[in-house]
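As stored in run_7.tsv (TSV, C-alpha atoms (C1' of nucleotides)):
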```tsv
chain	number	residue	atom	x	y	z
A	1	MET	CA	-72.71	21.44	-16.15
A	2	LEU	CA	-72.99	25.10	-17.06
A	3	ARG	CA	-71.39	27.45	-14.60
A	4	ALA	CA	-72.03	31.17	-14.63
A	5	VAL	CA	-68.83	33.15	-14.94
A	6	GLN	CA	-68.72	35.93	-12.43
A	7	PRO	CA	-67.20	39.27	-13.45
A	8	TRP	CA	-63.46	38.93	-13.15
A	9	PRO	CA	-61.41	41.73	-11.58
A	10	ARG	CA	-59.36	43.73	-14.05
A	11	THR	CA	-57.46	45.95	-11.66
A	12	GLU	CA	-55.43	45.25	-8.56
A	13	GLU	CA	-57.88	47.27	-6.55
A	14	GLU	CA	-60.79	45.09	-7.71
A	15	ALA	CA	-58.82	41.91	-7.05
A	16	LEU	CA	-58.02	43.04	-3.52
A	17	ALA	CA	-61.71	43.68	-2.93
A	18	VAL	CA	-62.57	40.17	-4.10
A	19	GLN	CA	-59.99	38.67	-1.77
A	20	ASP	CA	-61.36	40.72	1.05
A	21	ALA	CA	-64.88	39.47	0.35
A	22	LEU	CA	-63.99	35.78	-0.05
A	23	ARG	CA	-61.49	35.60	2.78
A	24	SER	CA	-64.16	35.33	5.45
A	25	ARG	CA	-65.52	32.16	3.87
A	26	VAL	CA	-62.42	30.12	4.64
A	27	VAL	CA	-63.09	27.26	7.05
A	28	HIS	CA	-60.05	26.48	9.17
A	29	GLU	CA	-61.28	23.28	10.79
A	30	ASP	CA	-60.25	19.84	9.62
A	31	GLY	CA	-62.69	17.67	7.71
A	32	PRO	CA	-63.95	14.49	9.42
A	33	ARG	CA	-62.48	11.83	7.17
A	34	ALA	CA	-59.19	11.00	5.52
A	35	PRO	CA	-59.22	11.51	1.74
A	36	THR	CA	-59.66	8.59	-0.64
A	37	THR	CA	-58.76	10.70	-3.65
A	38	VAL	CA	-56.43	13.66	-3.92
A	39	ALA	CA	-56.18	16.15	-6.77
A	40	GLY	CA	-53.07	17.88	-8.03
A	41	LEU	CA	-53.42	21.20	-9.87
A	42	ASP	CA	-50.84	22.95	-11.98
A	43	VAL	CA	-50.52	25.42	-14.85
A	44	ALA	CA	-47.92	25.76	-17.60
A	45	TYR	CA	-47.29	28.84	-19.73
A	46	SER	CA	-46.14	29.36	-23.29
A	47	ALA	CA	-42.83	31.12	-23.76
A	48	ASP	CA	-44.54	34.35	-24.79
A	49	ASP	CA	-46.78	34.15	-21.72
A	50	ARG	CA	-49.91	34.58	-23.84
A	51	ARG	CA	-51.26	31.05	-23.54
A	52	LEU	CA	-51.54	28.53	-20.73
A	53	ALA	CA	-52.68	25.00	-19.99
A	54	ALA	CA	-54.26	24.05	-16.68
A	55	ALA	CA	-54.31	20.47	-15.44
A	56	VAL	CA	-56.10	18.68	-12.63
A	57	VAL	CA	-55.22	15.07	-11.93
A	58	VAL	CA	-57.02	12.90	-9.40
A	59	LEU	CA	-55.00	10.18	-7.71
A	60	ASN	CA	-56.18	7.37	-5.46
A	61	THR	CA	-54.57	8.00	-2.10
A	62	ALA	CA	-54.03	4.31	-1.46
A	63	ASP	CA	-51.65	3.56	-4.32
A	64	LEU	CA	-51.21	6.90	-6.10
A	65	SER	CA	-52.77	5.48	-9.26
A	66	ILE	CA	-54.47	7.94	-11.59
A	67	ALA	CA	-58.25	8.06	-11.26
A	68	ASP	CA	-58.99	11.01	-13.56
A	69	THR	CA	-57.33	13.76	-15.57
A	70	ALA	CA	-58.60	17.04	-17.04
A	71	VAL	CA	-56.56	19.53	-19.03
A	72	VAL	CA	-57.77	22.77	-20.58
A	73	ARG	CA	-56.03	25.44	-22.58
A	74	GLY	CA	-56.64	29.12	-22.12
A	75	VAL	CA	-55.16	32.52	-21.44
A	76	PRO	CA	-53.89	34.14	-18.25
A	77	ALA	CA	-56.80	35.97	-16.59
A	78	PHE	CA	-54.64	38.55	-14.81
A	79	PRO	CA	-51.05	39.77	-14.86
A	80	TYR	CA	-48.67	38.17	-12.44
A	81	VAL	CA	-48.71	40.18	-9.25
A	82	PRO	CA	-47.34	38.62	-6.05
A	83	GLY	CA	-50.27	38.27	-3.67
A	84	LEU	CA	-52.79	38.29	-6.53
A	85	PHE	CA	-51.48	35.22	-8.25
A	86	ALA	CA	-54.77	33.33	-7.98
A	87	PHE	CA	-56.52	35.73	-10.34
A	88	ARG	CA	-54.20	34.59	-13.08
A	89	GLU	CA	-54.90	30.86	-12.87
A	90	VAL	CA	-58.21	30.30	-11.13
A	91	PRO	CA	-60.50	30.57	-14.19
A	92	ALA	CA	-58.55	27.96	-16.15
A	93	LEU	CA	-58.25	25.70	-13.11
A	94	MET	CA	-61.98	25.96	-12.44
A	95	ASP	CA	-62.64	24.99	-16.07
A	96	ALA	CA	-60.46	21.94	-15.63
A	97	LEU	CA	-62.15	21.04	-12.34
A	98	ASP	CA	-65.51	21.22	-14.09
A	99	ARG	CA	-64.41	18.51	-16.48
A	100	LEU	CA	-63.57	15.95	-13.87
A	101	THR	CA	-65.74	12.87	-13.53
A	102	VAL	CA	-64.20	11.79	-10.25
A	103	ARG	CA	-64.78	14.15	-7.36
A	104	PRO	CA	-61.54	14.69	-5.41
A	105	ASP	CA	-61.62	14.75	-1.61
A	106	VAL	CA	-58.91	17.39	-1.42
A	107	LEU	CA	-57.16	19.85	-3.74
A	108	ILE	CA	-53.40	20.22	-3.61
A	109	CYS	CA	-52.23	23.41	-5.28
A	110	ASP	CA	-48.86	24.60	-6.47
A	111	GLY	CA	-48.58	27.77	-4.43
A	112	HIS	CA	-49.70	28.89	-1.01
A	113	GLY	CA	-52.90	28.79	0.98
A	114	LEU	CA	-52.89	30.84	4.18
A	115	ALA	CA	-49.18	31.63	3.83
A	116	HIS	CA	-50.17	34.80	2.03
A	117	PRO	CA	-50.04	38.51	2.94
A	118	ARG	CA	-53.82	38.55	3.43
A	119	ARG	CA	-54.12	34.83	4.29
A	120	PHE	CA	-55.86	34.05	1.01
A	121	GLY	CA	-53.51	32.46	-1.48
A	122	LEU	CA	-54.43	30.31	-4.48
A	123	ALA	CA	-55.17	27.19	-2.42
A	124	ALA	CA	-57.55	29.02	-0.09
A	125	HIS	CA	-59.19	30.75	-3.05
A	126	LEU	CA	-59.86	27.50	-4.93
A	127	GLY	CA	-61.02	25.85	-1.73
A	128	VAL	CA	-63.63	28.52	-1.10
A	129	LEU	CA	-64.87	28.56	-4.72
A	130	THR	CA	-65.28	24.77	-4.81
A	131	ASP	CA	-65.94	24.29	-1.10
A	132	LEU	CA	-63.52	21.37	-1.23
A	133	PRO	CA	-60.75	20.83	1.31
A	134	SER	CA	-57.56	22.35	-0.09
A	135	PHE	CA	-54.01	23.24	0.76
A	136	GLY	CA	-50.91	24.56	-0.93
A	137	VAL	CA	-47.45	23.16	-1.46
A	138	GLY	CA	-45.10	25.87	-2.69
A	139	LYS	CA	-41.52	25.61	-3.82
A	140	THR	CA	-40.50	29.03	-2.57
A	141	ARG	CA	-41.73	31.42	0.09
A	142	LEU	CA	-44.11	34.32	-0.35
A	143	VAL	CA	-44.28	35.47	3.26
A	144	GLY	CA	-42.97	34.31	6.59
A	145	ASP	CA	-39.77	33.35	8.34
A	146	TRP	CA	-38.61	30.05	9.79
A	147	GLU	CA	-35.85	28.41	11.75
A	148	PRO	CA	-33.52	25.99	10.00
A	149	VAL	CA	-35.24	22.69	9.19
A	150	GLY	CA	-33.73	19.36	10.21
A	151	GLU	CA	-32.07	17.50	7.35
A	152	GLN	CA	-34.15	14.34	7.67
A	153	ARG	CA	-37.30	13.65	5.67
A	154	GLY	CA	-40.29	14.65	7.78
A	155	ALA	CA	-38.48	17.41	9.65
A	156	ARG	CA	-40.38	20.68	9.72
A	157	SER	CA	-40.28	24.20	11.03
A	158	PRO	CA	-43.21	26.58	11.56
A	159	LEU	CA	-43.58	29.30	8.93
A	160	ILE	CA	-44.30	32.48	10.85
A	161	ASP	CA	-45.57	35.77	9.49
A	162	SER	CA	-46.42	38.76	11.68
A	163	GLY	CA	-46.28	36.55	14.73
A	164	GLU	CA	-48.67	33.89	13.49
A	165	THR	CA	-47.99	30.43	12.15
A	166	VAL	CA	-49.22	30.45	8.57
A	167	GLY	CA	-47.72	27.18	7.41
A	168	ALA	CA	-44.79	24.80	7.69
A	169	VAL	CA	-41.46	24.44	5.96
A	170	LEU	CA	-41.38	20.70	5.41
A	171	ARG	CA	-38.53	18.44	4.35
A	172	THR	CA	-40.02	15.80	2.06
A	173	GLN	CA	-36.66	14.24	1.16
A	174	SER	CA	-33.57	14.05	3.33
A	175	GLY	CA	-30.93	16.51	2.25
A	176	VAL	CA	-33.22	18.15	-0.31
A	177	LYS	CA	-34.55	21.70	-0.14
A	178	PRO	CA	-37.84	21.74	1.83
A	179	VAL	CA	-41.28	22.78	0.53
A	180	PHE	CA	-43.75	25.29	1.95
A	181	VAL	CA	-47.03	23.74	3.10
A	182	SER	CA	-50.00	25.84	4.15
A	183	ALA	CA	-53.63	25.05	4.80
A	184	GLY	CA	-56.24	26.37	2.42
A	185	HIS	CA	-59.85	25.48	3.23
A	186	ARG	CA	-61.43	22.85	5.51
A	187	ILE	CA	-58.12	21.24	6.42
A	188	GLY	CA	-55.54	21.75	9.13
A	189	LEU	CA	-51.80	22.13	8.78
A	190	GLU	CA	-51.11	18.78	10.43
A	191	ARG	CA	-53.16	16.80	7.97
A	192	ALA	CA	-51.77	18.83	5.07
A	193	CYS	CA	-48.21	18.01	6.11
A	194	GLY	CA	-49.03	14.35	6.65
A	195	LEU	CA	-50.60	14.07	3.22
A	196	THR	CA	-47.73	15.88	1.58
A	197	LEU	CA	-45.27	13.42	3.06
A	198	ARG	CA	-47.34	10.44	1.99
A	199	LEU	CA	-47.58	11.83	-1.55
A	200	ALA	CA	-43.86	12.49	-1.78
A	201	PRO	CA	-42.30	9.08	-1.08
A	202	ARG	CA	-39.45	9.59	-3.51
A	203	TYR	CA	-39.25	13.14	-4.80
A	204	ARG	CA	-39.30	16.62	-3.34
A	205	LEU	CA	-42.73	17.50	-4.70
A	206	PRO	CA	-45.88	15.44	-4.12
A	207	GLU	CA	-46.86	13.08	-6.94
A	208	THR	CA	-50.04	15.06	-7.44
A	209	THR	CA	-48.05	18.12	-8.45
A	210	ARG	CA	-45.61	16.12	-10.55
A	211	VAL	CA	-48.30	14.37	-12.56
A	212	ALA	CA	-50.29	17.58	-13.04
A	213	ASP	CA	-47.15	19.43	-14.11
A	214	ARG	CA	-46.47	16.86	-16.77
A	215	ALA	CA	-50.05	16.88	-18.02
A	216	CYS	CA	-50.29	20.63	-18.57
A	217	ARG	CA	-46.82	20.97	-20.02
A	218	ASP	CA	-47.52	18.18	-22.50
A	219	SER	CA	-50.73	19.87	-23.57
A	220	LEU	CA	-48.93	23.13	-24.19
A	221	SER	CA	-46.24	21.75	-26.46
B	222	DG	C1'	-34.91	55.16	-0.64
B	223	DC	C1'	-33.89	49.90	-0.64
B	224	DG	C1'	-35.07	44.98	-0.75
B	225	DA	C1'	-38.78	41.19	-1.24
B	226	DC	C1'	-41.98	39.41	-4.15
B	227	DA	C1'	-46.33	32.01	-4.88
B	228	DG	C1'	-46.19	30.92	-10.53
C	229	DA	C1'	-43.70	30.53	-15.18
C	230	DT	C1'	-39.88	30.24	-19.04
C	231	DC	C1'	-35.15	30.60	-21.39
C	232	DT	C1'	-31.11	26.24	-21.01
C	233	DT	C1'	-25.71	21.92	-20.84
C	234	DG	C1'	-23.05	20.03	-18.57
C	235	DT	C1'	-21.64	18.52	-14.34
C	236	DC	C1'	-20.95	17.04	-9.54
C	237	DG	C1'	-22.28	13.32	-6.43
C	238	DC	C1'	-24.50	9.01	-4.69
```

Would you mind writing the file's structure down as structure tokens?
Amino acid sequence: MLRAVQPWPRTEEEALAVQDALRSRVVHEDGPRAPTTVAGLDVAYSADDRRLAAAVVVLNTADLSIADTAVVRGVPAFPYVPGLFAFREVPALMDALDRLTVRPDVLICDGHGLAHPRRFGLAAHLGVLTDLPSFGVGKTRLVGDWEPVGEQRGARSPLIDSGETVGAVLRTQSGVKPVFVSAGHRIGLERACGLTLRLAPRYRLPETTRVADRACRDSLS
DNA sequence: GCGACAG
DNA sequence: ATCTTGTCGC
């Protein structure tokens, strides 16, 4: 299906304006049903940073089997600027999403959702553009502070920024560095954390992210 | 002025 | 993100 490409911001000022306009479209309430399929999204870059590959993999929630995969190659759409990261990867990720044949019930992004200086990270951005439930699982923090997290798998600590809870620091594997989970669009933090744990039965990162990471890195080399 | 800063 | 080997520990 042909999708009109909206003008893409070329300056930080323009990008901030876009975030400001889209931010109000975020739906914070949980969806009614548990997801049957979950999508993992990730992007890999060439060494010179001039090319990239974006992957979306759809897994069946029940057994984590692969239901669909889409990988596209392209170029970064924006320089890397903390807080404006989405403008770099969203066009390629949207292209990949367009090529799916199986519609995912939720998007799981590598990065943050509401745990963002303006509460509109990559996961929230993709959620609004697709109107699909979405959340982010990041490996490192962008904003927020938290109390030490228990060492056992499943332990978590609220991620707090400017007095508000913007996500959770979640231990997916006992004794392993925790991940940063934050809601994006049409999903709550509780469900996001529960899904993350279910999708990470053995490793630190959810299988969605791991499979997507492999797919885009393979396509690049 | 000095750190912090998703991928 | 990416550049990169071995090494410590279960």

Next on the checklist: So that I can see what lies close to Val72 in chain A, please list as a ChimeraX atom specification the residues with an atom at most 10 Å from it, counting only C-alpha atoms (C1' of nucleotides) and leaving out residues fewer than 6 positions away in the same chain.
Outcome noted: /A:43,52-56,92-97,99,216,219-220

Checklist entry - Taking all atoms listed in the file into account, what are the residues of chain A at most 10 Å from chain B, put as a PyMOL selection string? => result chain A and resi 42-45+80-86+88-89+110-113+115-116+121-122+136-143+180

Checklist entry - Nearest to Thr130 in chain A among A:Pro158, A:Pro148, A:Gly167, A:Gly184, with distances taken over all atoms listed in the file: which residue is it? => result A:Gly184

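You will find CA of Ser157 in chain A at 17.3 Å from CA of Leu205 in chain A.
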
Checklist entry - Please, which residues of chain C lie no more than 10 Å from chain A when the count uses only C-alpha atoms (C1' of nucleotides), and can they be set out as a ChimeraX atom specification? => result /C:229-231

Checklist entry - When you draw a straight line from CA of Ile160 in chain A to CA of Ala192 in chain A, how long is it in Å? => result 16.6 Å

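In this model, the gap between CA of Arg217 in chain A and CA of Ala39 in chain A comes to 16.9 Å.
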
Residues within 10 Å of Thr172 in chain A, all atoms listed in the file, excluding chain neighbours under 2 positions, as a short mmCIF file (atom, residue, chain, number, x, y, z; two decimals) with C-alpha atoms, keeping the file's coordinate frame:
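As a result, out_5.cif now contains:
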```
data_model
loop_
_atom_site.label_atom_id
_atom_site.label_comp_id
_atom_site.auth_asym_id
_atom_site.auth_seq_id
_atom_site.Cartn_x
_atom_site.Cartn_y
_atom_site.Cartn_z
CA GLU A 151 -32.07 17.50 7.35
CA GLN A 152 -34.15 14.34 7.67
CA ARG A 153 -37.30 13.65 5.67
CA GLY A 154 -40.29 14.65 7.78
CA ALA A 155 -38.48 17.41 9.65
CA ARG A 156 -40.38 20.68 9.72
CA VAL A 169 -41.46 24.44 5.96
CA LEU A 170 -41.38 20.70 5.41
CA SER A 174 -33.57 14.05 3.33
CA GLY A 175 -30.93 16.51 2.25
CA VAL A 176 -33.22 18.15 -0.31
CA LYS A 177 -34.55 21.70 -0.14
CA PRO A 178 -37.84 21.74 1.83
CA VAL A 179 -41.28 22.78 0.53
CA CYS A 193 -48.21 18.01 6.11
CA THR A 196 -47.73 15.88 1.58
CA LEU A 197 -45.27 13.42 3.06
CA ARG A 198 -47.34 10.44 1.99
CA LEU A 199 -47.58 11.83 -1.55
CA ALA A 200 -43.86 12.49 -1.78
CA PRO A 201 -42.30 9.08 -1.08
CA ARG A 202 -39.45 9.59 -3.51
CA TYR A 203 -39.25 13.14 -4.80
CA ARG A 204 -39.30 16.62 -3.34
CA LEU A 205 -42.73 17.50 -4.70
CA PRO A 206 -45.88 15.44 -4.12
#
```

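Nearest to Ser221 in chain A of all the residues A:Leu41, A:Val27, A:Arg51, A:Val106 is A:Arg51, based on all atoms listed in the file.
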
Given the block above, output chain B with all heavy atoms as a compact mmCIF listing (two decimals), in the first residue's frame.
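Okay, out-v3.txt is ready:
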```
# COMPACT_ATOMS: atom_id res chain seq x y z
P DG B 222 31.11 29.99 30.04
OP1 DG B 222 32.18 30.05 29.11
OP2 DG B 222 29.71 29.90 29.80
O5' DG B 222 31.46 28.89 31.17
C5' DG B 222 32.56 29.19 32.02
C4' DG B 222 32.78 28.01 32.94
O4' DG B 222 31.65 27.86 33.82
C3' DG B 222 32.91 26.68 32.19
O3' DG B 222 33.92 25.88 32.79
C2' DG B 222 31.54 26.05 32.35
C1' DG B 222 31.07 26.58 33.68
N9 DG B 222 29.61 26.76 33.72
C8 DG B 222 28.84 27.54 32.90
N7 DG B 222 27.57 27.48 33.17
C5 DG B 222 27.50 26.59 34.24
C6 DG B 222 26.38 26.11 34.96
O6 DG B 222 25.19 26.40 34.80
N1 DG B 222 26.77 25.22 35.96
C2 DG B 222 28.05 24.84 36.22
N2 DG B 222 28.21 23.98 37.22
N3 DG B 222 29.09 25.28 35.56
C4 DG B 222 28.74 26.14 34.59
P DC B 223 33.97 24.33 32.22
OP1 DC B 223 35.29 23.87 32.62
OP2 DC B 223 33.53 24.25 30.81
O5' DC B 223 32.88 23.58 33.09
C5' DC B 223 33.04 23.49 34.49
C4' DC B 223 32.53 22.16 34.99
O4' DC B 223 31.10 22.24 35.15
C3' DC B 223 32.79 21.01 34.02
O3' DC B 223 33.15 19.85 34.72
C2' DC B 223 31.46 20.85 33.28
C1' DC B 223 30.44 21.30 34.31
N1 DC B 223 29.26 21.98 33.74
C2 DC B 223 27.98 21.70 34.24
O2 DC B 223 27.87 20.88 35.15
N3 DC B 223 26.92 22.34 33.71
C4 DC B 223 27.07 23.23 32.73
N4 DC B 223 25.99 23.84 32.25
C5 DC B 223 28.36 23.54 32.21
C6 DC B 223 29.42 22.89 32.74
P DG B 224 33.22 18.48 33.85
OP1 DG B 224 34.17 17.62 34.56
OP2 DG B 224 33.39 18.77 32.41
O5' DG B 224 31.76 17.89 34.04
C5' DG B 224 31.55 16.51 33.86
C4' DG B 224 30.24 16.12 34.51
O4' DG B 224 29.30 17.20 34.41
C3' DG B 224 29.61 14.93 33.81
O3' DG B 224 28.97 14.11 34.76
C2' DG B 224 28.63 15.57 32.85
C1' DG B 224 28.20 16.81 33.61
N9 DG B 224 27.85 17.93 32.74
C8 DG B 224 28.70 18.69 31.98
N7 DG B 224 28.09 19.64 31.31
C5 DG B 224 26.76 19.48 31.64
C6 DG B 224 25.62 20.21 31.23
O6 DG B 224 25.56 21.16 30.46
N1 DG B 224 24.47 19.71 31.81
C2 DG B 224 24.42 18.66 32.69
N2 DG B 224 23.22 18.31 33.15
N3 DG B 224 25.47 17.97 33.08
C4 DG B 224 26.60 18.44 32.53
P DA B 225 28.71 12.60 34.30
OP1 DA B 225 29.20 11.75 35.40
OP2 DA B 225 29.23 12.45 32.93
O5' DA B 225 27.13 12.47 34.24
C5' DA B 225 26.33 13.57 33.86
C4' DA B 225 25.02 13.09 33.30
O4' DA B 225 24.44 14.18 32.56
C3' DA B 225 25.14 11.93 32.29
O3' DA B 225 23.95 11.15 32.33
C2' DA B 225 25.30 12.65 30.97
C1' DA B 225 24.46 13.92 31.17
N9 DA B 225 25.03 15.08 30.49
C8 DA B 225 26.36 15.36 30.29
N7 DA B 225 26.57 16.49 29.65
C5 DA B 225 25.30 16.98 29.42
C6 DA B 225 24.83 18.14 28.79
N6 DA B 225 25.63 19.06 28.24
N1 DA B 225 23.50 18.32 28.72
C2 DA B 225 22.69 17.40 29.27
N3 DA B 225 23.01 16.27 29.90
C4 DA B 225 24.34 16.12 29.93
P DC B 226 23.97 9.77 31.50
OP1 DC B 226 22.94 8.92 32.13
OP2 DC B 226 25.35 9.30 31.36
O5' DC B 226 23.44 10.19 30.06
C5' DC B 226 22.10 10.62 29.91
C4' DC B 226 21.88 11.06 28.48
O4' DC B 226 22.41 12.39 28.28
C3' DC B 226 22.55 10.17 27.43
O3' DC B 226 21.61 9.77 26.45
C2' DC B 226 23.59 11.05 26.79
C1' DC B 226 22.98 12.43 26.99
N1 DC B 226 23.96 13.55 26.93
C2 DC B 226 23.52 14.82 26.55
O2 DC B 226 22.33 15.01 26.36
N3 DC B 226 24.45 15.80 26.41
C4 DC B 226 25.74 15.54 26.65
N4 DC B 226 26.60 16.54 26.48
C5 DC B 226 26.18 14.26 27.07
C6 DC B 226 25.26 13.30 27.20
P DA B 227 21.91 8.50 25.55
OP1 DA B 227 22.89 7.65 26.27
OP2 DA B 227 22.23 9.04 24.24
O5' DA B 227 20.56 7.69 25.43
C5' DA B 227 20.20 6.76 26.44
C4' DA B 227 19.22 5.76 25.87
O4' DA B 227 18.06 6.46 25.39
C3' DA B 227 19.74 4.97 24.68
O3' DA B 227 19.15 3.69 24.70
C2' DA B 227 19.24 5.77 23.50
C1' DA B 227 17.87 6.17 24.02
N9 DA B 227 17.28 7.34 23.39
C8 DA B 227 17.89 8.52 23.01
N7 DA B 227 17.05 9.39 22.48
C5 DA B 227 15.82 8.75 22.52
C6 DA B 227 14.54 9.13 22.12
N6 DA B 227 14.26 10.31 21.59
N1 DA B 227 13.54 8.24 22.29
C2 DA B 227 13.83 7.05 22.85
N3 DA B 227 14.99 6.57 23.27
C4 DA B 227 15.96 7.49 23.08
P DG B 228 19.96 2.43 24.26
OP1 DG B 228 19.15 1.27 24.64
OP2 DG B 228 21.32 2.62 24.82
O5' DG B 228 20.04 2.50 22.68
C5' DG B 228 18.83 2.43 21.92
C4' DG B 228 19.17 2.70 20.44
O4' DG B 228 19.57 4.07 20.28
C3' DG B 228 20.31 1.86 19.93
O3' DG B 228 19.83 0.87 19.00
C2' DG B 228 21.27 2.76 19.23
C1' DG B 228 20.72 4.16 19.44
N9 DG B 228 21.71 4.93 20.16
C8 DG B 228 21.87 5.05 21.52
N7 DG B 228 22.92 5.74 21.85
C5 DG B 228 23.50 6.11 20.64
C6 DG B 228 24.67 6.86 20.36
O6 DG B 228 25.46 7.36 21.17
N1 DG B 228 24.89 6.99 19.00
C2 DG B 228 24.08 6.48 18.02
N2 DG B 228 24.45 6.70 16.77
N3 DG B 228 22.98 5.77 18.26
C4 DG B 228 22.75 5.62 19.59
```
